[in-house]
Structures are given as C-alpha cells and as structure tokens.
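First comes the structure, then the notes that go with it.
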Amino acid sequence: MKMLILALVLKLRDFVQDPMFLSSLPLRHRQFLQKIATAAIVLSLTGCSFGSFTGEAKTPQIELPEITIPTTITSPSLPEGIDNQELLEESWAVYREEFIQEDGRVIDYEAQDRSISEGQAYAMLRAVLMGDERTFVLTLDWAEKNLQRLDADGKRIDNLWAWKWGKKEDGQWEPIDFNFASDADIDAATALIWAYRRWNKSEYLDLALIKLKDIWQYSTVMVGSNGKVKEDDSKGLLNWGTRYLLPGPVEAFVPSSSTIHLNPSYFAPYAFRLFAQVDSNHDWLSLVKSSYEVLQKSTQASTVGLPSDWIALETKTGKLKSLPPDSPIKSVYSFDAYRVWWRIAWDAAWFDAPEAQRYLSTATKHLQQQWDTSSFIPARINLQGQATVEYDATSQYAMLYPALRLIKPDIAEQMLQQKILPQYNQGVWDDKSAYYTQNLAWLGIMPFSVVTPELLEPKIDAETRGNGDTET
C-alpha cells in the first residue's frame, strides 16, 4: 500500500509540474493539486515520509576531483592553552571511536542507526578543526559515495547530498530520502574550504566550488518587490529582489507563489562570507543580508523575539508568520532553533558583524530573563514565551554559550559550570546515543580562537575561482 501511495504521489507531482496539464485546469484545481504534491514532499523531509523520490538529472555529469584518503593515522589536537582543551580533544577521540565507522559513516543511534547528511558535515567540521585529515576525508568519502542524489537511470541529479540513509524495508542500506538539507551542504562546503586552507590541497577547494554552484542553484530563490518568486539566476535578475536560502528543494519549501517556508537555524552568515571569498560568480553576501532580515523580523511571529524552528515568509508583504497548527513542520523555539545562537555568534566573533551583535543582544533577552529567574531554560518554548515542556536540554545551553560569551559573559560562565560541564563524563555529554548533543555541545563550547585567521582569510595566491579558473 505504501508503494502504491508513493507511486500516486510521484505521478501527481509529474502532472503538477507539467505546464500543459496545469493550463487546462481551473485556478482553484491547480492550487489544490499543487498543495497536495507539496505536502507529500514536505512530509518526506520531516520524517513522515511516503518514501523518497528521484528527479531528473539537472546538471551535466562532471568529473569530480580525486581525493585520496591519507594512510597515516595522526593524534589530532587543538591549540595549546585554549579553554577546555583536554575535554574537547577527549570528546573528539571518543566521538570518532563511538559514532564514526572505519569507512567514515557517522551513525545516529537514536534513529535506527541511520546516517544523515548533517552528521557527515558536522564530523567534517570537527575533523578539520582538530587537524584530523584522515577522519575528514573518510567522512567526506563515505558521503560522496553513499548520499548521491540519483535519477531513475542512476545519474546524479546534482552534487548535493541525500539527507537520510538507512535500512529500507527490503533490508537494503541505502538512501531513504533523496531530498537534500541545505544546512548540511553548507557545513560541508565550509569544511572543504577550511581543509583547503589548512592542508593546502586544491582538490578540496575544487569540490567546494562544485557544491557551492548547486547550493546556489537549487537551494536559493529570489523574491521580487512584487512578491513573485523566481528560482533561476538569469542575467538581469541580480537586483530584481531579495534572495533567500531555502532549507531544501523548492518543491518542498515554496508551497505557493506567495509563501516560502524557512528554517532560521540554517542561516550561516559566516559561511556565506567565506563562500564570497572563493566564488565570485554568485552574490553570497546577499544571503547574509536576507538572513539577518528574517531573523530581525522574528518579533512579528514571536512576542518575545525568539527564533523558530520553522517560519513562513509572506512574499507579498515580507511578513513572517507561524505555520498552521496542522503543519508537519512547527513554529516553535526548540532543538532546531538552538543553532541560531551558535551560527550568529560565529559571525559576530570572526567577522565582527554589527548586525550579529545586535541580534544576539535583543533576541536572547527572554532566555536571559528565564535564567536570571530560575537558572533553568525549558527545552521547548512557544513563540509567546511559554514553556511547553518541563525539562531542559544540554544542547540548548551549549548553543547559547558562544552567544552569551559575547554579550553576557557572566551568564555564559554560569551555564558552562552549572549545565554544560556537569553533563560531560569520559568523552560523552548526556548519554552515548545522543549524537546530536555530542556535536552541538562540542561546537558550542569550542573557543572562537580555534578557527585561526588562516582559515578565515583568502590565501595570498588568489583563490577566488568562481568558474573553476583561478583569477588573479
């Protein structure tokens, strides 16, 4: 029955994308069919999947750079004397042993031992910062070989990663959902740029540029002043409107011509600034601007100014609003939204971004009040500022930590000593199955200085290569 439903959904999707078929229908019927098809795709991205779908190949088959797996096993380390150095090094060693297979697959034990693109990208980020090139390449290599998005003929659709891989009903281990999640591809591209700069291997930059082209093409849209949405990047449109980062495919996150669904925790301004350094063919700084615009408008949806896991943008008015209660993706401050603090703190610390500083100072006020009152912040809070659960979360405190280090260092230290470090024991935060917490805790308490100027600044030999050719 599931396969029958999937087949029907896919056939419906084909019809919905056929302009001849659509033009033959009344407007209300076209809108109804488009909503059904969009809902099916969104469900697949949020874990309520009918199954996965494959599309037609969108980009020419290109020759990817050859990346060799280092044979030498090193002892990764961080700069001497940084805060929590021993803890962070031990945590990485334990994570590498417990969560990463010998072939580079990162395992999510809390979800049927599946692997997801996010996990591979987090491992790459941590590995390059630890100076662990072998693990970096292994996790990259596994993802490149196993998370390819393929069409019905087995050809790559693009150079992004299928977001979910695991055991299917027939017992085979392979991609379960061929949709992509843009945060993972952004983190992977960031790690590749850092790897190029750290180990001086051009193949890492070559692969990053290939991925950046597809992130831009398939995971961003432009909204004009008239509220219309354009997916393409045709000449003459650069100043046509505002470009936004989508969480995944257009089919899933642009449900209508007047609405876009966004995930603020995917916004990575520091990464977009890095991308602008190496890729001159795309206006990555425009995503910096739109990311902060969305975050700063969050008060339209939250009376206490909190970011939301998911939010809807009305393209005609520019207003943000909560998603309907029956939506499979929710407008609530929770485990996704925590990552906003970490990503914006990195932009403030490394690029001295005033908009980052302003946002952190205002958007964290409600959480600061919660802490001042009870030294406790609930793990889930609705957009009216009311707790909807009675427990807290180590991952939230860890993600808040870098933000508060910049604006309220006394509260940051209190959280570190009372909520983050007490949950750490012999390399593990909380429990050994908590893959998500291990990554967010490590990235959150990592000192800003671990990312050195050599990783943040273009190499002297003019590395900007937008079209693949080095520009001088």
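For the structure tokens, the naming scheme is as follows: chains receive sequential letters (A, B, ...) according to their order of presentation, residues are indexed from 1 within each chain, and ligands are indexed from 1 in presentation order.
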List the spatial neighbours of stretch 349-353 of chain A as a PyMOL selection string - criterion: any atom at most 12 Å away, only C-alpha atoms, same-chain residues fewer than 3 positions off excluded. chain A and resi 269-274+288-289+292+341-346+356-360+402-407+447-457
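Those residues that approach stretch 164-171 of chain A to within 9 Å, counting only C-alpha atoms, are Leu45, Gln112, Asp113, Arg114, Ser115, Ile116, Ser117, Asn146, Leu147, Pro175, Ile176, Asp177, Phe178, Asn179 and Phe180 of chain A; same-chain residues fewer than 4 positions away are not listed.
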Save out the residues we just selected, C-alpha atoms, as a JSON list (two decimals), in the first residue's frame.
```json
[["chain", "number", "residue", "atom", "x", "y", "z"],
["A", 45, "LEU", "CA", 11.67, 15.74, 4.59],
["A", 112, "GLN", "CA", 17.52, 3.20, 13.90],
["A", 113, "ASP", "CA", 21.28, 3.56, 13.30],
["A", 114, "ARG", "CA", 20.63, 5.73, 10.28],
["A", 115, "SER", "CA", 23.07, 8.27, 8.84],
["A", 116, "ILE", "CA", 22.19, 11.77, 7.73],
["A", 117, "SER", "CA", 23.99, 14.40, 5.71],
["A", 146, "ASN", "CA", 26.55, 6.87, -0.46],
["A", 147, "LEU", "CA", 24.49, 10.08, -0.39],
["A", 175, "PRO", "CA", 19.31, 6.47, 0.76],
["A", 176, "ILE", "CA", 15.83, 6.50, 2.25],
["A", 177, "ASP", "CA", 15.06, 10.04, 1.13],
["A", 178, "PHE", "CA", 16.75, 11.69, -1.85],
["A", 179, "ASN", "CA", 15.83, 15.24, -0.80],
["A", 180, "PHE", "CA", 18.71, 17.40, 0.42]]
```
What is the atom CA of A:Asn159-atom CA of A:Trp173 distance in Å, reported with one decimal? 20.6 Å
So which residues touch A:Gly248 within 6 Å, counting only C-alpha atoms, skipping near sequence neighbours fewer than 2 positions away, as a list of chain:residue names?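 So the residues in contact are A:Phe180, A:Ala181, A:Ser182, A:Ser219, A:Leu246.
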Taking 5 positions as the minimum chain separation for residues in the same chain, which residues sit within 9 Å of A:Lys365 when counting only C-alpha atoms? Answer as number ranges by chain. A: 304-306, 360, 370
